Amino acid sequence: MILPEAQGGEYHRPVLAAELISLLDPKPGMTIVDATVGGGGHAKAMMESVGGQARLIGIDRDPEAIRFAGERLSGFGPCVRLVRGRFSGLDEILDQEKIEQADRIYFDLGVSSHQLEKAERGFSFSKDGPLDLRMDPEQGEPASAVLEELSEPELAKIFWEYGEERFSRRVARAVERRRRQGLKLERTLELAGLIEAVIGRRGQRVHPATRIFQALRIYVNQELQELKEGLRRAVSRLNSGGRVAVISYHSLEDREVKQFFRALAKAGELGILTKKPVAPSEDELRENPRSRSAKLRVAERVSL
C-alpha cells in the first residue's frame with residue numbers, strides 16, 4: 001500500500017480508492033474486511049461511502065499501522081474493529097469476531113510510505129537504518145540475519161525469484177565475499193552501496209538496489225505464501241455475490257492474483273469483474289507518483 005505520510009504523523013492517501021469503492025459497491029449493513037488496513041485510508045473511504053452503516057474488520061500485521069488506523073477510524077465507534085494479524089490467520093480472526101461470511105474483502109499489498117520513511121524499519125535503501133524489512137518487527141528474522149545465514153546459491157535464488165534481478169548471482173557472490181572477510185551486512189546503506197558497486201547505475205532511473213530489497217522483503221515476510229493463503233481463505237468466507245479485490249504493486253503479486261482468479265473462474269466459483277487490471281488515473285499519478293505501479297483486480301463469488 002503506498003500511503004504518503006501526511007503532516008502531523010498521519011499517513012493517508014489510499015491508492016485507487018474511488019475505483020475500489022466503485023467496483024466493490026459496498027452497501028449499508030454489509031460486513032467488510034480490510035485485510036491490510038494500513039493507516040486506515042481505504043477503510044475510512046469505505047465506511048464513509050455507506051454513511052458509517054457497515055461492520056468493518058481491519059487487519060494488519062504491523063502494530064504501528066493498527067495504531068494509526070485506530071486514530072483515523074475512531075469516529076466510527078464499534079462499527080470498526082481492528083485486529084493485528086496476517087492473511088494466513090484470516091479464518092481464525094473472523095471466527096474470533098463471530099463472522100461466518102463477509103460481503104466484501106479487499107487487500108492492498110506492499111509497503112506504506114510511513115514504513116519507507118522510518119529509517120529504523122529498514123525498508124528504505126536511501127535512508128540509513130538497521131537492515132530489518134519485517135512488517136511485524138516482533139516476528140521472524142530480519143533481513144540482516146537472512147544475509148548472514150543463507151548460502152550464496154540460496155541468496156541468488158531469492159534475488160532472482162522474488163526480485164527478478166538479472167544480476168542475482170553477482171550480488172549473492174558479493175555478499176559471500178564480504179562474509180568471508182568477516183564483515184556483516186547490518187545497515188540498509190551498506191547493502192545498497194554493495195549492490196550499486198556490483199551492478200552500477202548504467203543510467204537507470206530506478207535505483208539498482210530496488211529489486212534486491214524487494215526480494216528480501218518478500219522473503220522475510222513470506223508475502224507470496226501469505227497472499228496465496230489470504231486469497232484462498234477470503235473466497236471461502238465470502239457470501240454468494242460477495243466481492244474480493246486486490247491492489248498489487250509488482251508483477252509477482254499481480255500474476256498470483258490473476259492466476260488465482262482465473263482458476264476459480266474456470267471452476268465456476270468466481271466471476272471476474274475486471275477483465276484487465278485497473279490502473280491509477282492521470283490525476284492520481286500526478287498527485288501520487290508512487291501509485292504508478294498499482295493494479296486493481298476484482299472478482300465476485302458466484303451464487304452456489
# chains A, B, ... in the order shown; residues from 1 in each chain; ligands from 1

$ select_by_dssp --residues "region 73-171 of chain A" --states "alpha helix (DSSP H)" --output "count of residues only"
35

$ residues_around --residues "region 70-81 of chain A" --least-positions-apart "2" --cutoff "6 Å" --atoms "only C-alpha atoms" --output "PDB file with N, CA, C and O atoms, in the first residue's frame"
ATOM      1  N   ARG A  55     -20.281  -2.987   9.063  1.00  0.00           N
ATOM      2  CA  ARG A  55     -19.347  -3.553  10.032  1.00  0.00           C
ATOM      3  C   ARG A  55     -18.042  -3.808   9.312  1.00  0.00           C
ATOM      4  O   ARG A  55     -18.023  -4.533   8.306  1.00  0.00           O
ATOM      5  N   LEU A  56     -16.971  -3.203   9.787  1.00  0.00           N
ATOM      6  CA  LEU A  56     -15.682  -3.355   9.121  1.00  0.00           C
ATOM      7  C   LEU A  56     -14.651  -3.924  10.087  1.00  0.00           C
ATOM      8  O   LEU A  56     -14.479  -3.425  11.194  1.00  0.00           O
ATOM      9  N   ILE A  57     -13.979  -4.980   9.635  1.00  0.00           N
ATOM     10  CA  ILE A  57     -12.868  -5.580  10.369  1.00  0.00           C
ATOM     11  C   ILE A  57     -11.586  -5.192   9.642  1.00  0.00           C
ATOM     12  O   ILE A  57     -11.411  -5.508   8.468  1.00  0.00           O
ATOM     13  N   ILE A  66      -1.828  -0.526  12.978  1.00  0.00           N
ATOM     14  CA  ILE A  66      -3.034  -0.672  13.796  1.00  0.00           C
ATOM     15  C   ILE A  66      -3.255   0.598  14.622  1.00  0.00           C
ATOM     16  O   ILE A  66      -4.386   1.092  14.758  1.00  0.00           O
ATOM     17  N   ARG A  67      -2.180   1.152  15.147  1.00  0.00           N
ATOM     18  CA  ARG A  67      -2.308   2.367  15.962  1.00  0.00           C
ATOM     19  C   ARG A  67      -2.769   3.551  15.113  1.00  0.00           C
ATOM     20  O   ARG A  67      -3.684   4.279  15.499  1.00  0.00           O
ATOM     21  N   PHE A  68      -2.158   3.747  13.952  1.00  0.00           N
ATOM     22  CA  PHE A  68      -2.570   4.831  13.078  1.00  0.00           C
ATOM     23  C   PHE A  68      -4.030   4.667  12.652  1.00  0.00           C
ATOM     24  O   PHE A  68      -4.812   5.620  12.655  1.00  0.00           O
TER      25      PHE A  68
END

$ atom_distance --atom1 "CA of Ala45 (chain A)" --atom2 "CA of Arg104 (chain A)"
14.0 Å

$ select_by_dssp --residues "region 94-301 of chain A" --states "strand (DSSP E or B)" --output "PyMOL selection string"
chain A and resi 102-108+130+187+238-248+270-272+278+295-301

$ write_last_selection --atoms "N, CA and C atoms" --output "CSV table (one decimal), in the first residue's frame"
chain,number,residue,atom,x,y,z
A,102,ALA,N,-18.5,-12.9,4.9
A,102,ALA,CA,-18.4,-11.5,4.7
A,102,ALA,C,-18.9,-11.1,3.3
A,103,ASP,N,-19.2,-9.8,3.2
A,103,ASP,CA,-19.8,-9.4,1.9
A,103,ASP,C,-18.7,-8.8,1.0
A,104,ARG,N,-17.7,-8.2,1.6
A,104,ARG,CA,-16.6,-7.6,0.8
A,104,ARG,C,-15.3,-7.8,1.6
A,105,ILE,N,-14.3,-8.3,0.8
A,105,ILE,CA,-12.9,-8.4,1.4
A,105,ILE,C,-11.9,-7.8,0.4
A,106,TYR,N,-11.0,-7.0,0.9
A,106,TYR,CA,-10.0,-6.4,0.0
A,106,TYR,C,-8.6,-6.4,0.6
A,107,PHE,N,-7.7,-6.4,-0.3
A,107,PHE,CA,-6.2,-6.4,0.1
A,107,PHE,C,-5.5,-5.3,-0.7
A,108,ASP,N,-4.7,-4.5,0.0
A,108,ASP,CA,-3.9,-3.5,-0.6
A,108,ASP,C,-2.4,-3.9,-0.2
A,130,PRO,N,18.8,0.0,10.5
A,130,PRO,CA,19.1,-1.5,10.6
A,130,PRO,C,18.4,-2.2,9.4
A,187,ARG,N,23.3,-2.8,7.9
A,187,ARG,CA,22.7,-1.5,7.7
A,187,ARG,C,22.2,-1.4,6.3
A,238,LEU,N,-16.5,-15.7,1.7
A,238,LEU,CA,-17.4,-14.7,1.1
A,238,LEU,C,-18.8,-15.3,0.9
A,239,ASN,N,-19.8,-14.4,1.1
A,239,ASN,CA,-21.2,-14.8,0.8
A,239,ASN,C,-21.4,-14.9,-0.7
A,240,SER,N,-22.4,-15.6,-1.1
A,240,SER,CA,-22.7,-15.6,-2.6
A,240,SER,C,-23.0,-14.2,-3.0
A,241,GLY,N,-22.3,-13.8,-4.1
A,241,GLY,CA,-22.4,-12.4,-4.5
A,241,GLY,C,-21.4,-11.5,-3.8
A,242,GLY,N,-20.7,-12.0,-2.9
A,242,GLY,CA,-19.7,-11.2,-2.2
A,242,GLY,C,-18.5,-10.9,-3.2
A,243,ARG,N,-17.8,-9.9,-2.9
A,243,ARG,CA,-16.7,-9.5,-3.8
A,243,ARG,C,-15.3,-9.4,-3.1
A,244,VAL,N,-14.3,-9.8,-3.8
A,244,VAL,CA,-12.9,-9.7,-3.3
A,244,VAL,C,-12.1,-8.9,-4.3
A,245,ALA,N,-11.3,-8.0,-3.7
A,245,ALA,CA,-10.4,-7.1,-4.5
A,245,ALA,C,-9.0,-7.1,-4.0
A,246,VAL,N,-8.1,-6.9,-4.9
A,246,VAL,CA,-6.6,-6.9,-4.6
A,246,VAL,C,-6.0,-5.7,-5.4
A,247,ILE,N,-5.3,-4.9,-4.6
A,247,ILE,CA,-4.4,-3.9,-5.3
A,247,ILE,C,-3.0,-4.4,-5.1
A,248,SER,N,-2.3,-4.6,-6.2
A,248,SER,CA,-0.9,-5.1,-6.2
A,248,SER,C,0.0,-4.1,-6.7
A,270,LEU,N,-15.9,-18.1,-9.1
A,270,LEU,CA,-15.8,-16.6,-9.2
A,270,LEU,C,-16.2,-16.1,-10.6
A,271,GLY,N,-16.7,-14.9,-10.6
A,271,GLY,CA,-16.9,-14.2,-11.8
A,271,GLY,C,-15.9,-13.0,-11.8
A,272,ILE,N,-15.1,-12.8,-12.8
A,272,ILE,CA,-14.1,-11.7,-12.8
A,272,ILE,C,-14.7,-10.4,-13.3
A,278,VAL,N,-7.2,-2.5,-13.3
A,278,VAL,CA,-7.5,-1.1,-13.3
A,278,VAL,C,-6.2,-0.4,-12.8
A,295,LYS,N,-2.1,-1.9,-9.5
A,295,LYS,CA,-3.1,-2.6,-10.3
A,295,LYS,C,-4.2,-3.2,-9.4
A,296,LEU,N,-5.4,-3.0,-9.8
A,296,LEU,CA,-6.6,-3.4,-9.1
A,296,LEU,C,-7.3,-4.5,-9.9
A,297,ARG,N,-7.6,-5.6,-9.2
A,297,ARG,CA,-8.4,-6.7,-9.8
A,297,ARG,C,-9.5,-7.0,-8.8
A,298,VAL,N,-10.7,-7.3,-9.3
A,298,VAL,CA,-11.9,-7.6,-8.5
A,298,VAL,C,-12.6,-8.8,-9.1
A,299,ALA,N,-13.1,-9.6,-8.2
A,299,ALA,CA,-13.9,-10.7,-8.6
A,299,ALA,C,-15.1,-10.9,-7.7
A,300,GLU,N,-16.1,-11.6,-8.1
A,300,GLU,CA,-17.4,-11.8,-7.4
A,300,GLU,C,-17.6,-13.3,-7.2
A,301,ARG,N,-18.0,-13.6,-5.9
A,301,ARG,CA,-18.4,-15.0,-5.6
A,301,ARG,C,-19.6,-15.4,-6.3

$ closest_residue --among "A:Thr188, A:Gln204, A:Ser236, A:Gln225" --to "Leu94 (chain A)" --atoms "only C-alpha atoms"
A:Ser236

$ residues_around --residues "Ser291 (chain A)" --least-positions-apart "5" --cutoff "8 Å" --atoms "only C-alpha atoms" --output "PyMOL selection string"
chain A and resi 2+15+280+284-285

$ closest_residue --among "A:Leu150, A:Leu191, A:Leu133, A:Ala234" --to "Glu100 (chain A)" --atoms "only C-alpha atoms"
A:Ala234

$ closest_residue --among "A:Leu82, A:Ala263, A:Val33, A:Met135" --to "Gln222 (chain A)" --atoms "only C-alpha atoms"
A:Met135

$ atom_distance --atom1 "CA of Pro28 (chain A)" --atom2 "CA of Met46 (chain A)"
10.4 Å

$ closest_residue --among "A:Leu131, A:Ala43, A:Leu90, A:Leu273" --to "Pro14 (chain A)" --atoms "only C-alpha atoms"
A:Ala43

$ atom_distance --atom1 "CA of Val220 (chain A)" --atom2 "CA of Leu147 (chain A)"
10.7 Å

$ decode --residues "region 21-57 of chain A" --atoms "N, CA, C and O atoms" --output "compact mmCIF listing (two decimals), in the first residue's frame"
# COMPACT_ATOMS: atom_id res chain seq x y z
N ILE A 21 -13.90 1.45 -4.38
CA ILE A 21 -15.26 1.57 -3.86
C ILE A 21 -16.28 1.36 -4.97
O ILE A 21 -17.30 0.68 -4.78
N SER A 22 -16.00 1.89 -6.15
CA SER A 22 -16.93 1.71 -7.27
C SER A 22 -17.12 0.24 -7.62
O SER A 22 -18.24 -0.23 -7.84
N LEU A 23 -16.01 -0.50 -7.67
CA LEU A 23 -16.09 -1.91 -8.07
C LEU A 23 -16.58 -2.82 -6.96
O LEU A 23 -17.25 -3.82 -7.21
N LEU A 24 -16.26 -2.50 -5.71
CA LEU A 24 -16.77 -3.31 -4.61
C LEU A 24 -18.22 -2.97 -4.32
O LEU A 24 -18.97 -3.82 -3.82
N ASP A 25 -18.62 -1.74 -4.58
CA ASP A 25 -20.00 -1.30 -4.41
C ASP A 25 -20.58 -1.70 -3.04
O ASP A 25 -21.58 -2.42 -2.95
N PRO A 26 -19.96 -1.22 -1.96
CA PRO A 26 -20.45 -1.58 -0.63
C PRO A 26 -21.80 -0.96 -0.33
O PRO A 26 -22.12 0.13 -0.83
N LYS A 27 -22.61 -1.64 0.49
CA LYS A 27 -23.94 -1.17 0.86
C LYS A 27 -24.05 -1.12 2.38
O LYS A 27 -23.38 -1.89 3.08
N PRO A 28 -24.92 -0.25 2.89
CA PRO A 28 -25.15 -0.23 4.34
C PRO A 28 -25.57 -1.60 4.85
O PRO A 28 -26.30 -2.34 4.17
N GLY A 29 -25.07 -1.95 6.01
CA GLY A 29 -25.42 -3.24 6.62
C GLY A 29 -24.49 -4.37 6.25
O GLY A 29 -24.58 -5.46 6.82
N MET A 30 -23.57 -4.14 5.34
CA MET A 30 -22.65 -5.20 4.91
C MET A 30 -21.55 -5.43 5.95
O MET A 30 -21.24 -4.56 6.77
N THR A 31 -20.94 -6.60 5.86
CA THR A 31 -19.73 -6.92 6.63
C THR A 31 -18.56 -6.84 5.68
O THR A 31 -18.51 -7.54 4.66
N ILE A 32 -17.61 -5.97 6.01
CA ILE A 32 -16.48 -5.67 5.14
C ILE A 32 -15.19 -6.00 5.87
O ILE A 32 -15.03 -5.69 7.05
N VAL A 33 -14.25 -6.64 5.16
CA VAL A 33 -12.95 -6.98 5.75
C VAL A 33 -11.86 -6.26 4.96
O VAL A 33 -11.71 -6.48 3.76
N ASP A 34 -11.14 -5.39 5.65
CA ASP A 34 -9.95 -4.75 5.08
C ASP A 34 -8.75 -5.54 5.60
O ASP A 34 -8.35 -5.41 6.75
N ALA A 35 -8.19 -6.39 4.75
CA ALA A 35 -7.15 -7.32 5.19
C ALA A 35 -5.79 -6.67 5.34
O ALA A 35 -4.87 -7.29 5.87
N THR A 36 -5.66 -5.41 4.89
CA THR A 36 -4.40 -4.67 5.00
C THR A 36 -4.75 -3.23 5.37
O THR A 36 -4.61 -2.33 4.56
N VAL A 37 -5.19 -3.02 6.59
CA VAL A 37 -5.80 -1.74 6.94
C VAL A 37 -4.81 -0.58 6.90
O VAL A 37 -5.20 0.56 6.66
N GLY A 38 -3.52 -0.84 7.10
CA GLY A 38 -2.52 0.22 7.00
C GLY A 38 -2.87 1.41 7.86
O GLY A 38 -3.21 1.28 9.03
N GLY A 39 -2.84 2.60 7.28
CA GLY A 39 -3.19 3.82 8.00
C GLY A 39 -4.68 4.09 8.05
O GLY A 39 -5.10 5.11 8.58
N GLY A 40 -5.49 3.19 7.50
CA GLY A 40 -6.94 3.33 7.57
C GLY A 40 -7.56 4.14 6.45
O GLY A 40 -8.75 4.44 6.48
N GLY A 41 -6.77 4.50 5.42
CA GLY A 41 -7.29 5.32 4.34
C GLY A 41 -8.41 4.68 3.56
O GLY A 41 -9.47 5.29 3.36
N HIS A 42 -8.20 3.45 3.08
CA HIS A 42 -9.26 2.77 2.34
C HIS A 42 -10.46 2.48 3.25
O HIS A 42 -11.62 2.61 2.83
N ALA A 43 -10.19 2.08 4.48
CA ALA A 43 -11.27 1.75 5.41
C ALA A 43 -12.14 2.97 5.68
O ALA A 43 -13.38 2.87 5.71
N LYS A 44 -11.52 4.12 5.86
CA LYS A 44 -12.29 5.35 6.10
C LYS A 44 -13.16 5.69 4.90
O LYS A 44 -14.35 6.02 5.04
N ALA A 45 -12.57 5.61 3.69
CA ALA A 45 -13.35 5.89 2.48
C ALA A 45 -14.49 4.90 2.32
O ALA A 45 -15.61 5.26 1.92
N MET A 46 -14.23 3.64 2.66
CA MET A 46 -15.26 2.61 2.55
C MET A 46 -16.42 2.88 3.51
O MET A 46 -17.59 2.81 3.14
N MET A 47 -16.09 3.21 4.75
CA MET A 47 -17.14 3.47 5.75
C MET A 47 -17.91 4.75 5.41
O MET A 47 -19.14 4.81 5.58
N GLU A 48 -17.22 5.75 4.93
CA GLU A 48 -17.91 6.99 4.54
C GLU A 48 -18.86 6.75 3.39
O GLU A 48 -19.93 7.38 3.31
N SER A 49 -18.51 5.83 2.49
CA SER A 49 -19.37 5.56 1.33
C SER A 49 -20.70 4.93 1.71
O SER A 49 -21.66 4.99 0.95
N VAL A 50 -20.76 4.32 2.90
CA VAL A 50 -22.02 3.71 3.38
C VAL A 50 -22.57 4.47 4.58
O VAL A 50 -23.39 3.94 5.33
N GLY A 51 -22.11 5.69 4.76
CA GLY A 51 -22.60 6.50 5.86
C GLY A 51 -22.30 5.94 7.23
O GLY A 51 -23.03 6.19 8.20
N GLY A 52 -21.22 5.16 7.32
CA GLY A 52 -20.86 4.54 8.60
C GLY A 52 -21.73 3.38 9.00
O GLY A 52 -21.58 2.83 10.10
N GLN A 53 -22.63 2.96 8.10
CA GLN A 53 -23.59 1.90 8.43
C GLN A 53 -23.14 0.55 7.90
O GLN A 53 -23.78 -0.07 7.06
N ALA A 54 -21.99 0.10 8.34
CA ALA A 54 -21.48 -1.22 7.98
C ALA A 54 -20.60 -1.71 9.12
O ALA A 54 -20.24 -0.94 10.02
N ARG A 55 -20.28 -2.99 9.06
CA ARG A 55 -19.35 -3.55 10.03
C ARG A 55 -18.04 -3.81 9.31
O ARG A 55 -18.02 -4.53 8.31
N LEU A 56 -16.97 -3.20 9.79
CA LEU A 56 -15.68 -3.36 9.12
C LEU A 56 -14.65 -3.92 10.09
O LEU A 56 -14.48 -3.43 11.19
N ILE A 57 -13.98 -4.98 9.64
CA ILE A 57 -12.87 -5.58 10.37
C ILE A 57 -11.59 -5.19 9.64
O ILE A 57 -11.41 -5.51 8.47
